[in-house]
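The file target29.cif contains mmCIF, C-alpha atoms:
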data_query
#
loop_
_atom_site.group_PDB
_atom_site.id
_atom_site.type_symbol
_atom_site.label_atom_id
_atom_site.label_comp_id
_atom_site.auth_asym_id
_atom_site.auth_seq_id
_atom_site.Cartn_x
_atom_site.Cartn_y
_atom_site.Cartn_z
ATOM 1 C CA MET J 1 -11.399 1.839 -38.236
ATOM 2 C CA LEU J 2 -9.762 3.390 -35.139
ATOM 3 C CA TRP J 3 -6.585 1.312 -35.341
ATOM 4 C CA PRO J 4 -4.537 3.975 -37.187
ATOM 5 C CA PHE J 5 -5.025 6.305 -34.234
ATOM 6 C CA ASN J 6 -3.544 3.970 -31.620
ATOM 7 C CA HIS J 7 -0.334 5.988 -31.683
ATOM 8 C CA PHE J 8 -2.215 8.863 -30.019
ATOM 9 C CA ARG J 9 -2.881 6.745 -26.967
ATOM 10 C CA LYS J 10 -0.661 7.181 -23.981
ATOM 11 C CA PRO J 11 1.581 4.119 -23.829
ATOM 12 C CA ARG J 12 1.140 1.922 -20.785
ATOM 13 C CA LEU J 13 4.138 1.554 -18.550
ATOM 14 C CA ALA J 14 3.528 -2.089 -17.845
ATOM 15 C CA PRO J 15 1.078 -4.668 -19.050
ATOM 16 C CA ALA J 16 -2.087 -4.937 -17.018
ATOM 17 C CA GLY J 17 -0.887 -8.371 -15.886
ATOM 18 C CA THR J 18 2.157 -6.794 -14.266
ATOM 19 C CA ILE J 19 0.015 -4.263 -12.448
ATOM 20 C CA GLU J 20 -2.272 -7.070 -11.294
ATOM 21 C CA ALA J 21 0.723 -9.107 -10.143
ATOM 22 C CA ILE J 22 2.233 -6.221 -8.179
ATOM 23 C CA TYR J 23 -1.098 -5.268 -6.639
ATOM 24 C CA GLY J 24 -1.640 -8.943 -5.823
ATOM 25 C CA MET J 25 1.702 -8.982 -4.005
ATOM 26 C CA ILE J 26 0.607 -6.004 -1.916
ATOM 27 C CA VAL J 27 -2.706 -7.645 -1.046
ATOM 28 C CA THR J 28 -1.071 -10.999 -0.284
ATOM 29 C CA GLN J 29 1.473 -9.405 2.034
ATOM 30 C CA ALA J 30 -1.223 -7.389 3.790
ATOM 31 C CA ARG J 31 -3.130 -10.616 4.434
ATOM 32 C CA GLU J 32 -0.221 -12.449 6.073
ATOM 33 C CA PRO J 33 -1.654 -14.035 9.245
ATOM 34 C CA ILE J 34 1.322 -12.967 11.384
ATOM 35 C CA PHE J 35 0.178 -9.344 11.245
ATOM 36 C CA TYR J 36 -3.158 -10.260 12.784
ATOM 37 C CA ARG J 37 -2.147 -13.173 14.972
ATOM 38 C CA ASP J 38 1.101 -11.836 16.444
ATOM 39 C CA LEU J 39 1.331 -8.111 15.757
ATOM 40 C CA GLY J 40 -2.043 -6.918 16.995
ATOM 41 C CA VAL J 41 -3.562 -5.732 13.722
ATOM 42 C CA PRO J 42 -7.337 -6.102 14.139
ATOM 43 C CA ASP J 43 -8.611 -8.859 11.852
ATOM 44 C CA THR J 44 -11.456 -6.684 10.661
ATOM 45 C CA VAL J 45 -12.353 -4.928 7.431
ATOM 46 C CA ASN J 46 -10.739 -1.747 8.770
ATOM 47 C CA GLY J 47 -7.635 -3.550 10.011
ATOM 48 C CA ARG J 48 -7.104 -5.242 6.674
ATOM 49 C CA PHE J 49 -7.735 -1.972 4.843
ATOM 50 C CA ASP J 50 -5.177 -0.140 6.986
ATOM 51 C CA LEU J 51 -2.540 -2.823 6.468
ATOM 52 C CA LEU J 52 -3.191 -2.737 2.721
ATOM 53 C CA LEU J 53 -2.687 1.044 2.817
ATOM 54 C CA LEU J 54 0.615 0.619 4.674
ATOM 55 C CA HIS J 55 1.966 -1.730 2.003
ATOM 56 C CA LEU J 56 0.666 0.394 -0.839
ATOM 57 C CA TRP J 57 2.318 3.430 0.758
ATOM 58 C CA LEU J 58 5.623 1.554 1.083
ATOM 59 C CA LEU J 59 5.667 0.661 -2.590
ATOM 60 C CA LEU J 60 4.470 4.056 -3.810
ATOM 61 C CA ARG J 61 7.117 5.706 -1.630
ATOM 62 C CA ARG J 62 9.812 3.676 -3.371
ATOM 63 C CA LEU J 63 8.344 4.306 -6.810
ATOM 64 C CA ARG J 64 8.836 8.059 -6.301
ATOM 65 C CA THR J 65 12.553 7.496 -6.910
ATOM 66 C CA ALA J 66 12.209 4.986 -9.760
ATOM 67 C CA GLN J 67 12.542 5.999 -13.354
ATOM 68 C CA SER J 68 9.015 5.679 -14.823
ATOM 69 C CA GLY J 69 7.734 5.131 -11.294
ATOM 70 C CA VAL J 70 5.073 7.833 -11.558
ATOM 71 C CA GLU J 71 3.119 5.921 -14.188
ATOM 72 C CA LEU J 72 3.257 2.661 -12.250
ATOM 73 C CA SER J 73 2.280 4.479 -9.062
ATOM 74 C CA GLN J 74 -0.798 5.872 -10.756
ATOM 75 C CA ALA J 75 -1.694 2.483 -12.234
ATOM 76 C CA LEU J 76 -1.364 0.819 -8.820
ATOM 77 C CA PHE J 77 -3.428 3.517 -7.137
ATOM 78 C CA ASP J 78 -6.078 3.143 -9.848
ATOM 79 C CA ARG J 79 -6.071 -0.623 -9.274
ATOM 80 C CA PHE J 80 -6.457 -0.047 -5.536
ATOM 81 C CA CYS J 81 -9.479 2.199 -6.231
ATOM 82 C CA GLU J 82 -11.017 -0.426 -8.534
ATOM 83 C CA ASP J 83 -10.511 -3.054 -5.825
ATOM 84 C CA MET J 84 -12.144 -0.889 -3.176
ATOM 85 C CA ASP J 85 -15.069 -0.125 -5.499
ATOM 86 C CA ASP J 86 -15.504 -3.838 -6.251
ATOM 87 C CA ASN J 87 -15.368 -4.717 -2.552
ATOM 88 C CA LEU J 88 -17.974 -2.116 -1.662
ATOM 89 C CA ARG J 89 -20.321 -3.436 -4.312
ATOM 90 C CA GLU J 90 -19.766 -7.033 -3.171
ATOM 91 C CA MET J 91 -20.646 -5.960 0.360
ATOM 92 C CA GLY J 92 -23.934 -4.596 -0.968
ATOM 93 C CA VAL J 93 -23.181 -0.886 -0.739
ATOM 94 C CA GLY J 94 -25.599 0.954 -3.018
ATOM 95 C CA ASP J 95 -24.663 2.958 -6.095
ATOM 96 C CA GLN J 96 -25.538 6.221 -4.350
ATOM 97 C CA THR J 97 -23.192 5.527 -1.438
ATOM 98 C CA VAL J 98 -20.174 4.138 -3.331
ATOM 99 C CA PRO J 99 -18.786 7.549 -4.426
ATOM 100 C CA LYS J 100 -18.934 8.871 -0.856
ATOM 101 C CA ARG J 101 -17.145 5.796 0.464
ATOM 102 C CA MET J 102 -14.556 5.984 -2.305
ATOM 103 C CA ARG J 103 -13.861 9.601 -1.405
ATOM 104 C CA ALA J 104 -13.395 8.511 2.205
ATOM 105 C CA PHE J 105 -10.956 5.790 1.072
ATOM 106 C CA GLY J 106 -8.963 8.346 -0.895
ATOM 107 C CA GLU J 107 -8.866 10.723 2.045
ATOM 108 C CA ALA J 108 -7.802 7.864 4.322
ATOM 109 C CA PHE J 109 -5.000 6.898 1.968
ATOM 110 C CA TYR J 110 -3.668 10.424 1.500
ATOM 111 C CA GLY J 111 -3.960 11.224 5.205
ATOM 112 C CA ARG J 112 -2.112 8.088 6.240
ATOM 113 C CA ALA J 113 0.491 8.476 3.508
ATOM 114 C CA GLN J 114 1.226 12.000 4.704
ATOM 115 C CA ALA J 115 1.414 10.881 8.350
ATOM 116 C CA TYR J 116 3.663 7.928 7.479
ATOM 117 C CA ASP J 117 5.921 10.069 5.274
ATOM 118 C CA GLN J 118 6.398 12.657 8.019
ATOM 119 C CA ALA J 119 6.933 9.982 10.671
ATOM 120 C CA TYR J 120 9.296 7.996 8.448
ATOM 121 C CA ASP J 121 11.393 11.073 7.753
ATOM 122 C CA GLN J 122 11.699 11.584 11.522
ATOM 123 C CA ALA J 123 12.436 7.878 12.007
ATOM 124 C CA VAL J 124 15.545 7.938 9.837
ATOM 125 C CA GLU J 125 16.845 10.943 11.774
ATOM 126 C CA THR J 126 16.236 9.505 15.244
ATOM 127 C CA ASP J 127 14.440 6.227 15.811
ATOM 128 C CA ASN J 128 11.215 4.544 14.747
ATOM 129 C CA GLU J 129 9.101 6.031 17.524
ATOM 130 C CA ALA J 130 7.278 8.612 15.392
ATOM 131 C CA LEU J 131 6.450 5.947 12.807
ATOM 132 C CA ALA J 132 5.360 3.563 15.568
ATOM 133 C CA GLN J 133 3.024 6.231 16.930
ATOM 134 C CA ALA J 134 1.527 6.855 13.476
ATOM 135 C CA ILE J 135 1.056 3.124 12.975
ATOM 136 C CA CYS J 136 -0.430 2.708 16.442
ATOM 137 C CA LYS J 137 -2.943 5.465 15.749
ATOM 138 C CA ASN J 138 -3.896 4.392 12.228
ATOM 139 C CA ILE J 139 -3.635 0.610 12.283
ATOM 140 C CA LEU J 140 -3.868 -0.473 15.925
ATOM 141 C CA ASN J 141 -6.591 1.986 16.970
ATOM 142 C CA GLY J 142 -4.326 3.653 19.527
ATOM 143 C CA ALA J 143 -3.487 0.522 21.513
ATOM 144 C CA GLY J 144 -0.417 -1.696 21.503
ATOM 145 C CA MET J 145 2.739 0.409 21.212
ATOM 146 C CA ASP J 146 4.946 -2.697 21.437
ATOM 147 C CA GLN J 147 3.264 -4.155 18.357
ATOM 148 C CA ALA J 148 3.347 -0.730 16.698
ATOM 149 C CA ARG J 149 7.116 -0.609 17.210
ATOM 150 C CA LEU J 150 7.437 -4.012 15.546
ATOM 151 C CA LEU J 151 5.268 -2.853 12.649
ATOM 152 C CA ALA J 152 7.366 0.316 12.361
ATOM 153 C CA ALA J 153 10.571 -1.747 12.311
ATOM 154 C CA TYR J 154 8.979 -3.932 9.637
ATOM 155 C CA ALA J 155 8.052 -0.844 7.575
ATOM 156 C CA VAL J 156 11.600 0.516 7.841
ATOM 157 C CA THR J 157 13.016 -2.861 6.781
ATOM 158 C CA ALA J 158 10.536 -3.155 3.911
ATOM 159 C CA ASN J 159 11.385 0.365 2.772
ATOM 160 C CA ALA J 160 15.113 -0.450 2.877
ATOM 161 C CA ASP J 161 14.568 -3.694 0.958
ATOM 162 C CA LEU J 162 12.525 -1.892 -1.673
ATOM 163 C CA GLY J 163 15.242 0.756 -1.832
ATOM 164 C CA GLN J 164 17.791 -1.939 -2.642
ATOM 165 C CA THR J 165 15.616 -3.304 -5.434
ATOM 166 C CA GLY J 166 16.666 -2.029 -8.831
ATOM 167 C CA ASP J 167 14.197 -0.054 -10.900
ATOM 168 C CA PRO J 168 13.750 -2.751 -13.594
ATOM 169 C CA ALA J 169 12.977 -5.418 -10.992
ATOM 170 C CA LEU J 170 10.648 -3.049 -9.172
ATOM 171 C CA LEU J 171 8.729 -2.125 -12.315
ATOM 172 C CA LEU J 172 8.316 -5.785 -13.251
ATOM 173 C CA GLY J 173 7.227 -6.880 -9.792
ATOM 174 C CA ALA J 174 10.370 -8.974 -9.234
ATOM 175 C CA PHE J 175 10.691 -8.146 -5.542
ATOM 176 C CA LYS J 176 9.404 -9.465 -2.236
ATOM 177 C CA PHE J 177 8.305 -7.849 0.952
ATOM 178 C CA PRO J 178 10.258 -9.017 4.018
ATOM 179 C CA ALA J 179 8.732 -11.308 6.586
ATOM 180 C CA PRO J 180 7.578 -9.407 9.675
ATOM 181 C CA LEU J 181 9.098 -10.344 13.035
ATOM 182 C CA ARG J 182 6.994 -11.594 15.888
ATOM 183 C CA GLU J 183 7.525 -10.145 19.361
ATOM 184 C CA ASP J 184 9.487 -13.208 20.495
ATOM 185 C CA GLU J 185 11.846 -12.897 17.494
ATOM 186 C CA ALA J 186 12.546 -9.199 17.901
ATOM 187 C CA SER J 187 15.303 -9.118 20.473
#
Would you put the structure from the file into structure tokens?
Amino acid sequence: MLWPFNHFRKPRLAPAGTIEAIYGMIVTQAREPIFYRDLGVPDTVNGRFDLLLLHLWLLLRRLRTAQSGVELSQALFDRFCEDMDDNLREMGVGDQTVPKRMRAFGEAFYGRAQAYDQAYDQAVETDNEALAQAICKNILNGAGMDQARLLAAYAVTANADLGQTGDPALLLGAFKFPAPLREDEAS
């Protein structure tokens, strides 16, 4: 009997499958072995979380300039939150603790996004050093500036590639993240 009222619903920007596909691309890229094997990202729950946040930030940063990007950004962030909630529950975190951990995840995301935005804005004016320092602090636990510089160069390249992607392709998930360079390739 509710079907006549469907027109009151807010229309979805993209089908759930598209959101899943785009979020899956973020997760897949964040799990690339080169980040852990060659670029010093700790292969831990925290290391994987921080690399996921970096890729989510890159895409959400680009979506700020896309027509209808706000809706997709929110859908991707919601999907990220669902994923984190699911992961906590799979790890056996109790119902009482999940909201506290989710709040911490949100604070981590917003804090890192702000730090990366500020550092990235400095990076385009000068060099990647501010972004490398933010990445070193947040992803590499304060150690490994050489790897942090490579990760910063990767982030700048990924941001540029996403910037070259047209809005329709971006909104449909028809884009790819670039391959990160290893230390021996970066000369």
Open item on the list: Can you measure CA of Ala153 in chain J to CA of Asp38 in chain J for me? One decimal in Å is fine.
Closed with: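 Computing the Euclidean distance for CA of Ala153 in chain J and CA of Asp38 in chain J yields 14.4 Å.
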For the contact check between range 30-124 of chain J and range 145-150 of chain J, emit one row per residue of range 30-124 of chain J within 9 Å, containing the shortest atom pair and the distance in Å rounded to one decimal, counting only C-alpha atoms, chain then rising number order, as CSV.
residue,atom,partner,partner_atom,distance
J:Asp38,CA,J:Gln147,CA,8.2
J:Leu39,CA,J:Gln147,CA,5.1
J:Gly40,CA,J:Gln147,CA,6.1
J:Val41,CA,J:Gln147,CA,8.4
Go ahead and fit an axis-aligned box to every listed atom of range 37-53 of chain J plus 4 Å each side, and pass me the centre and edge lengths in Å, one decimal, as AutoDock Vina command-line options.
--center_x -5.5 --center_y -6.1 --center_z 9.9 --size_x 21.7 --size_y 22.2 --size_z 22.3
Open item on the list: List the spatial neighbours of range 58-69 of chain J as a VMD selection string - criterion: any atom at most 12 Å away, all atoms listed in the file, same-chain residues fewer than 6 positions off excluded.
Closed with: chain J and resid 11 to 14 22 to 23 25 to 27 29 to 30 51 to 52 75 to 77 80 109 to 110 112 to 114 116 to 118 120 to 121 152 154 to 173 175 to 178
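The residue that comes closest to Cys136 in chain J, out of J:Asp50, J:Asp78, J:Leu181, J:Arg89 and on the basis of only C-alpha atoms, is J:Asp50.
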Open item on the list: I'd like the interatomic distance between CA of Arg182 in chain J and CA of Asp83 in chain J, to a tenth of an Å.
Closed with: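 Separation of CA of Arg182 in chain J and CA of Asp83 in chain J: 29.2 Å.
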- [ ] Considering all atoms listed in the file, state which residue in the set J:Pro180, J:Pro42, J:Pro99, J:Gly17 is at the smallest distance from Met84 in chain J.
- [x]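 With all atoms listed in the file as the atom set, the closest residue is J:Pro99.
Each of J:Leu54, J:Ala104, J:Val93, J:Ala179 was compared to Ala134 in chain J using all atoms listed in the file, and J:Leu54 turns out to be the nearest.
CA of Glu129 in chain J to CA of Ala143 in chain J spans 14.3 Å [interatomic distance, one decimal].
Nearest to Asn87 in chain J of all the residues J:Asp43, J:Glu32, J:Asn138, J:Phe105 is J:Phe105, based on only C-alpha atoms.
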Open item on the list: I need the residue nearest Thr97 in chain J from this list: J:Gly144, J:Asp85, J:Phe49, J:Phe35. Use all atoms listed in the file for the distance.
Closed with: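 Answer, going by the shortest atom-to-atom distance: J:Asp85.
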